[in-house]
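**Q** Sharing model_24.cif below, mmCIF, C-alpha atoms and all ligand atoms:
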data_input
#
loop_
_atom_site.label_atom_id
_atom_site.label_comp_id
_atom_site.auth_asym_id
_atom_site.auth_seq_id
_atom_site.Cartn_x
_atom_site.Cartn_y
_atom_site.Cartn_z
CA MET A 171 95.76 84.62 106.83
CA GLY A 172 92.86 82.22 107.05
CA THR A 173 94.42 80.48 104.12
CA SER A 174 97.62 79.93 106.05
CA GLY A 175 95.57 78.04 108.57
CA ARG A 176 94.18 75.81 105.91
CA GLN A 177 97.60 75.28 104.44
CA ALA A 178 98.98 74.39 107.82
CA CYS A 179 96.22 71.94 108.41
CA ALA A 180 96.54 70.49 104.95
CA ALA A 181 100.17 69.86 105.83
CA VAL A 182 99.02 68.20 108.96
CA VAL A 183 96.77 65.86 107.06
CA THR A 184 99.52 64.79 104.71
CA VAL A 185 101.75 63.92 107.64
CA GLY A 186 99.18 61.60 109.05
CA ALA A 187 96.63 61.14 111.73
CA LEU A 188 99.12 61.02 114.57
CA SER A 189 100.78 64.27 113.67
CA LEU A 190 97.39 65.79 113.05
CA ALA A 191 96.51 64.84 116.58
CA ALA A 192 99.67 66.45 117.85
CA ALA A 193 99.08 69.62 115.96
CA CYS A 194 95.50 70.21 116.59
CA GLY A 195 94.72 68.55 119.79
CA PHE A 196 92.58 65.51 119.52
CA SER A 197 92.60 63.86 122.88
CA PRO A 198 90.73 60.91 124.26
CA ARG A 199 87.58 62.16 125.83
CA MET A 200 87.71 61.70 129.55
CA PRO A 201 84.53 60.70 131.28
CA ASN A 202 83.05 63.51 133.26
CA PRO A 203 80.74 61.68 135.63
CA SER A 204 79.33 64.61 137.49
CA PRO A 205 77.88 67.59 135.69
CA PRO A 206 78.98 70.93 137.04
CA THR A 207 76.57 72.16 139.65
CA PHE A 208 78.53 75.05 141.10
CA ALA A 209 81.71 77.03 140.97
CA ILE A 210 80.88 79.36 138.12
CA VAL A 211 81.92 82.64 139.61
CA THR A 212 79.09 85.08 139.27
CA SER A 213 80.15 87.84 141.59
CA THR A 214 81.77 90.95 140.29
CA PRO A 215 84.97 91.96 142.00
CA THR A 216 84.41 94.99 144.19
CA THR A 217 87.92 96.24 143.83
CA SER A 218 89.86 96.91 140.71
CA THR A 219 93.05 98.49 139.68
CA PRO A 220 92.93 101.73 137.79
CA THR A 221 92.55 101.15 134.12
CA THR A 222 93.60 103.15 131.15
CA SER A 223 91.36 101.25 128.81
CA THR A 224 90.00 103.18 125.90
CA PRO A 225 86.51 102.53 124.54
CA THR A 226 87.98 100.33 121.84
CA THR A 227 89.89 98.13 124.24
CA ILE A 228 88.37 94.69 124.39
CA ALA A 229 90.47 93.43 127.26
CA THR A 230 88.25 92.25 130.06
CA ASN A 231 88.89 91.31 133.62
CA PRO A 232 89.60 87.61 133.08
CA SER A 233 87.92 86.59 136.31
CA THR A 234 84.68 88.30 135.45
CA PRO A 235 82.18 86.25 133.46
CA GLY A 236 79.30 87.77 131.64
CA PRO A 237 79.00 89.93 128.55
CA THR A 238 82.22 91.19 127.10
CA ALA A 239 82.79 94.55 125.49
CA PRO A 240 81.75 94.81 121.85
CA ILE A 241 84.33 93.51 119.43
CA PRO A 242 85.93 96.27 117.38
CA PRO A 243 84.37 96.15 113.91
CA SER A 244 87.81 95.83 112.34
CA LEU A 245 88.22 92.45 114.06
CA VAL A 246 84.88 91.03 112.91
CA GLY A 247 84.31 88.91 109.81
CA HIS A 248 87.82 87.66 109.28
CA VAL A 249 90.52 85.65 110.97
CA VAL A 250 92.95 88.00 112.70
CA SER A 251 96.52 87.05 111.90
CA ARG A 252 98.36 89.93 113.53
CA ILE A 253 97.77 92.34 116.38
CA PRO A 254 96.99 95.65 114.67
CA THR A 255 99.73 97.73 116.23
CA SER A 256 102.75 99.74 115.20
CA ARG A 257 104.62 98.72 118.32
CA LYS A 258 107.22 95.97 118.38
CA VAL A 259 105.21 93.49 120.38
CA VAL A 260 104.77 89.76 119.81
CA ALA A 261 102.07 87.47 121.14
CA LEU A 262 103.24 83.97 121.95
CA THR A 263 100.28 81.61 121.67
CA PHE A 264 100.06 77.92 122.51
CA ASP A 265 97.32 75.55 121.44
CA ALA A 266 96.57 72.70 123.81
CA GLY A 267 94.86 69.48 122.99
CA ALA A 268 96.51 66.11 122.67
CA ASN A 269 98.62 66.20 125.81
CA GLY A 270 100.31 68.57 128.20
CA ASP A 271 103.84 67.19 127.96
CA GLY A 272 105.47 70.55 127.34
CA VAL A 273 103.49 72.60 129.83
CA ASN A 274 105.86 72.41 132.80
CA SER A 275 108.79 73.50 130.69
CA ILE A 276 106.82 76.27 128.97
CA LEU A 277 105.49 77.68 132.23
CA ALA A 278 108.93 77.57 133.82
CA THR A 279 110.42 79.50 130.92
CA LEU A 280 107.64 82.08 130.90
CA ALA A 281 108.03 82.61 134.66
CA LYS A 282 111.79 82.89 134.43
CA GLU A 283 111.59 85.38 131.59
CA LYS A 284 108.57 87.21 133.01
CA VAL A 285 106.65 86.78 129.79
CA ALA A 286 102.89 86.17 129.60
CA ALA A 287 101.42 84.00 126.85
CA THR A 288 98.01 83.13 125.45
CA PHE A 289 96.77 79.54 125.63
CA TYR A 290 93.98 78.16 123.46
CA LEU A 291 92.37 75.26 125.29
CA THR A 292 89.83 72.70 124.19
CA GLY A 293 87.17 71.64 126.66
CA ASP A 294 88.58 68.14 126.33
CA PHE A 295 92.01 69.32 127.42
CA VAL A 296 90.62 71.17 130.40
CA ASP A 297 88.62 68.11 131.48
CA SER A 298 91.71 65.92 131.10
CA PHE A 299 94.26 68.29 132.63
CA PRO A 300 92.42 70.65 134.98
CA THR A 301 95.47 71.44 137.09
CA LEU A 302 97.50 72.39 134.04
CA ALA A 303 94.64 74.54 132.79
CA VAL A 304 94.57 76.49 136.05
CA ARG A 305 98.32 77.03 135.90
CA MET A 306 98.12 78.18 132.29
CA SER A 307 95.43 80.67 133.23
CA ALA A 308 97.79 82.11 135.85
CA ALA A 309 100.58 82.36 133.27
CA GLY A 310 98.72 84.58 130.86
CA ARG A 311 95.42 84.54 129.03
CA LEU A 312 93.14 81.69 127.99
CA GLY A 313 91.27 81.39 124.71
CA ASN A 314 88.58 79.04 123.42
CA HIS A 315 89.63 76.25 121.02
CA THR A 316 86.19 74.50 121.05
CA ALA A 317 85.08 71.51 123.07
CA ASP A 318 86.14 68.65 120.81
CA HIS A 319 88.41 70.10 118.12
CA LEU A 320 86.20 69.27 115.15
CA HIS A 321 86.10 70.78 111.67
CA LEU A 322 83.45 73.40 112.30
CA PRO A 323 82.43 73.84 108.62
CA THR A 324 81.13 70.25 108.70
CA LEU A 325 78.77 70.94 111.60
CA THR A 326 75.30 72.45 111.84
CA ASP A 327 74.86 75.94 113.23
CA ALA A 328 73.62 74.51 116.52
CA GLN A 329 76.57 72.13 116.75
CA VAL A 330 79.04 74.94 116.13
CA ARG A 331 77.46 77.04 118.85
CA THR A 332 77.55 74.11 121.25
CA GLU A 333 81.23 73.43 120.49
CA VAL A 334 82.04 77.02 121.40
CA THR A 335 79.77 77.53 124.39
CA SER A 336 80.52 74.12 125.90
CA ALA A 337 84.25 74.86 125.89
CA GLN A 338 83.58 78.29 127.32
CA THR A 339 81.59 76.78 130.19
CA THR A 340 84.25 74.18 130.92
CA ILE A 341 87.13 76.66 130.86
CA LEU A 342 85.25 79.07 133.11
CA ARG A 343 84.15 76.35 135.52
CA VAL A 344 87.62 74.85 135.94
CA THR A 345 89.83 77.92 135.78
CA GLY A 346 87.53 80.80 136.70
CA GLU A 347 88.62 82.57 133.52
CA ASP A 348 86.23 83.56 130.75
CA PRO A 349 87.97 82.80 127.44
CA ARG A 350 86.00 85.46 125.59
CA PRO A 351 86.76 87.20 123.31
CA LEU A 352 89.62 84.96 122.19
CA PHE A 353 88.81 82.10 119.84
CA ARG A 354 90.88 79.94 117.50
CA PHE A 355 89.37 77.58 114.93
CA PRO A 356 90.44 73.93 115.13
CA PHE A 357 92.77 73.25 112.18
CA GLY A 358 92.39 76.93 111.29
CA ASP A 359 89.34 75.66 109.40
CA SER A 360 86.52 78.13 108.97
CA GLY A 361 84.09 79.59 106.49
CA PRO A 362 82.05 82.80 106.49
CA ARG A 363 79.23 81.10 108.40
CA ASP A 364 81.56 79.90 111.14
CA LEU A 365 83.12 83.32 111.47
CA HIS A 366 79.68 84.88 111.81
CA LEU A 367 78.67 82.35 114.45
CA VAL A 368 81.73 82.79 116.66
CA ASN A 369 81.67 86.57 116.26
CA ASP A 370 78.03 86.46 117.27
CA LEU A 371 79.00 84.56 120.42
CA GLY A 372 81.36 87.38 121.40
CA TYR A 373 84.59 86.02 119.98
CA ILE A 374 87.38 87.33 117.81
CA ALA A 375 88.69 84.56 115.53
CA VAL A 376 92.45 84.61 115.98
CA GLY A 377 94.81 82.89 113.60
CA TRP A 378 98.54 83.41 113.48
CA THR A 379 101.32 85.20 111.68
CA VAL A 380 103.63 82.20 111.80
CA ASP A 381 103.24 78.53 112.67
CA THR A 382 106.50 77.27 114.15
CA LEU A 383 105.72 73.77 112.82
CA GLY A 384 107.27 72.47 116.03
CA TRP A 385 104.31 70.10 116.26
CA GLN A 386 105.77 68.16 113.33
CA GLY A 387 108.50 67.01 115.68
CA THR A 388 111.94 65.67 115.04
CA SER A 389 110.35 62.83 113.08
CA GLY A 390 108.90 65.46 110.76
CA GLY A 391 112.29 67.03 110.13
CA ARG A 392 111.88 69.89 112.58
CA SER A 393 114.32 71.06 115.23
CA VAL A 394 114.74 73.71 117.90
CA ASN A 395 116.73 75.67 115.33
CA SER A 396 113.99 75.53 112.72
CA VAL A 397 111.39 76.68 115.23
CA VAL A 398 113.51 79.64 116.31
CA GLN A 399 114.34 80.60 112.74
CA ARG A 400 110.71 80.55 111.60
CA VAL A 401 109.65 82.85 114.44
CA LEU A 402 112.49 85.32 113.90
CA ALA A 403 112.10 85.32 110.11
CA ALA A 404 108.44 86.32 110.51
CA ALA A 405 109.04 88.88 113.25
CA THR A 406 106.91 91.96 112.73
CA GLN A 407 104.88 94.41 114.79
CA GLY A 408 102.03 92.45 116.32
CA GLU A 409 103.32 89.04 115.25
CA ILE A 410 101.18 86.17 116.54
CA VAL A 411 103.24 83.02 117.00
CA LEU A 412 101.48 79.65 116.92
CA MET A 413 103.01 76.96 119.09
CA HIS A 414 101.67 73.87 120.86
CA VAL A 415 102.00 72.67 124.42
CA GLY A 416 101.94 68.96 123.63
CA SER A 417 104.58 66.51 122.50
CA ASN A 418 104.63 64.89 119.10
CA PRO A 419 102.99 61.48 119.61
CA THR A 420 105.39 59.73 117.26
CA ASP A 421 108.74 60.92 118.57
CA HIS A 422 107.64 62.54 121.87
CA SER A 423 109.64 65.68 121.10
CA THR A 424 108.51 68.99 122.59
CA LEU A 425 110.23 71.34 120.17
CA ASP A 426 108.14 74.42 120.90
CA ALA A 427 108.79 74.09 124.62
CA ASP A 428 112.47 73.41 124.02
CA ALA A 429 112.83 76.36 121.65
CA LEU A 430 110.96 78.85 123.81
CA PRO A 431 113.99 80.29 125.67
CA ARG A 432 115.71 81.02 122.36
CA VAL A 433 112.50 82.35 120.79
CA ILE A 434 112.18 84.85 123.62
CA SER A 435 115.82 85.87 123.69
CA GLY A 436 115.95 86.16 119.90
CA LEU A 437 112.90 88.38 119.73
CA ARG A 438 114.19 90.53 122.58
CA ALA A 439 117.51 90.93 120.81
CA ALA A 440 115.55 92.20 117.80
CA GLY A 441 113.82 94.80 119.97
CA TYR A 442 110.50 93.07 120.61
CA SER A 443 108.52 92.81 123.82
CA PHE A 444 105.63 90.49 124.57
CA ALA A 445 101.89 90.84 124.95
CA THR A 446 98.99 88.51 125.41
CA LEU A 447 96.14 88.72 122.94
CA ASP A 448 94.38 91.04 125.33
CA ALA A 449 96.37 93.54 123.30
CA LEU A 450 94.01 92.91 120.37
CA GLY A 451 92.01 96.01 119.79
CA ALA A 452 94.25 98.16 121.95
CA GLY A 453 95.77 99.80 118.88
ZN ZN B 501 94.23 72.87 117.46
#
Could you take the file, read its structure, and then write that structure out as structure tokens?

**A**
Amino acid sequence: MGTSGRQACAAVVTVGALSLAAACGFSPRMPNPSPPTFAIVTSTPTTSTPTTSTPTTIATNPSTPGPTAPIPPSLVGHVVSRIPTSRKVVALTFDAGANGDGVNSILATLAKEKVAATFYLTGDFVDSFPTLAVRMSAAGRLGNHTADHLHLPTLTDAQVRTEVTSAQTTILRVTGEDPRPLFRFPFGDSGPRDLHLVNDLGYIAVGWTVDTLGWQGTSGGRSVNSVVQRVLAAATQGEIVLMHVGSNPTDHSTLDADALPRVISGLRAAGYSFATLDALGAG
């Protein structure tokens, strides 16, 4: 499904720079006057709840930095577009970048429905909206969406690594959560080299089963109905749903946030439950 990412991003480009920003999360870089000098949690919790993790489970204690478990070989070398499972579970994922206009609504819905989601954050977003980032961490699982949301295939190896590790450091410093092993390419844009680099840094490249296209906004012909219908039409075991937390910069609509209650109720009516992407690798 790496191609679906490219198609989605190609669609973005044709809509224009503003919509592209809405979809993929360019945000003005906020000055960060003081480099981090502390607050990276290095202690290992001394208590833990019993776990039923199997050796292939990649889920990690999100508050524990450091090396993560090896990535299952089946999740290396390609963009994962579905949780490999035979159970009727769906992962709701939200990319964050341009703004956080839909976050309050999304978090309220998730809390009300007792559903956890996965949030892919750029370092820029976390620097700009640290309080939102902390709240999103508490509402599910965080993933790495690079520092600056660039097209990674255009960068050098060193630049790609820096984009990934810089975001990881920022997310961990601000939220206390290590985003590994969850990574999503900006614009869904990647080549074999980029996959190798992010895999080598301990990440699974996660794409999506369906893009709601809510980021296109009402000005792009989208609606709450169209968002809900796209999710339900693509419903399958392990479906990964791509949504965005921001508003469309042209029309200020927050269709993904607005559609979320109906997305959840519709999937539940079809027999689905919800998982974060920690479920990747759990079988
Ligand atoms: Zn993005």

**Q** Which residue, A:Ala278, A:Ile241, A:Ala337, A:Leu402, has the smallest gap to Arg354 of chain A when you use only C-alpha atoms?

**A**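 Nearest to Arg354 of chain A: A:Ala337.
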
**Q** Which value, in Å to one decimal, gives the distance between atom CA of Asp426 of chain A and atom CA of Gln399 of chain A?

**A** 12.0 Å

**Q** Closest to Ala239 of chain A among A:Tyr373, A:Phe295, A:Trp378, A:Phe355, using only C-alpha atoms?

**A** A:Tyr373

**Q** Compare A:Pro431, A:Ala439, A:Val260, A:Gly387 by their minimum atom-to-atom distance to Leu280 of chain A, counting only C-alpha atoms, and give me the closest one.

**A**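 When distances to Leu280 of chain A are compared using only C-alpha atoms, the smallest one comes from A:Pro431.
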
**Q** So, counting all atoms listed in the file, which residue among A:His248, A:Lys258, A:His366, A:His414 is closest to Thr288 of chain A?

**A**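 The answer is A:His414, which sits nearest to Thr288 of chain A.
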
**Q** As an exercise, work out the distance from atom CA of Gln407 of chain A to atom CA of Thr263 of chain A in Å and give it to one decimal place.

**A** 15.2 Å
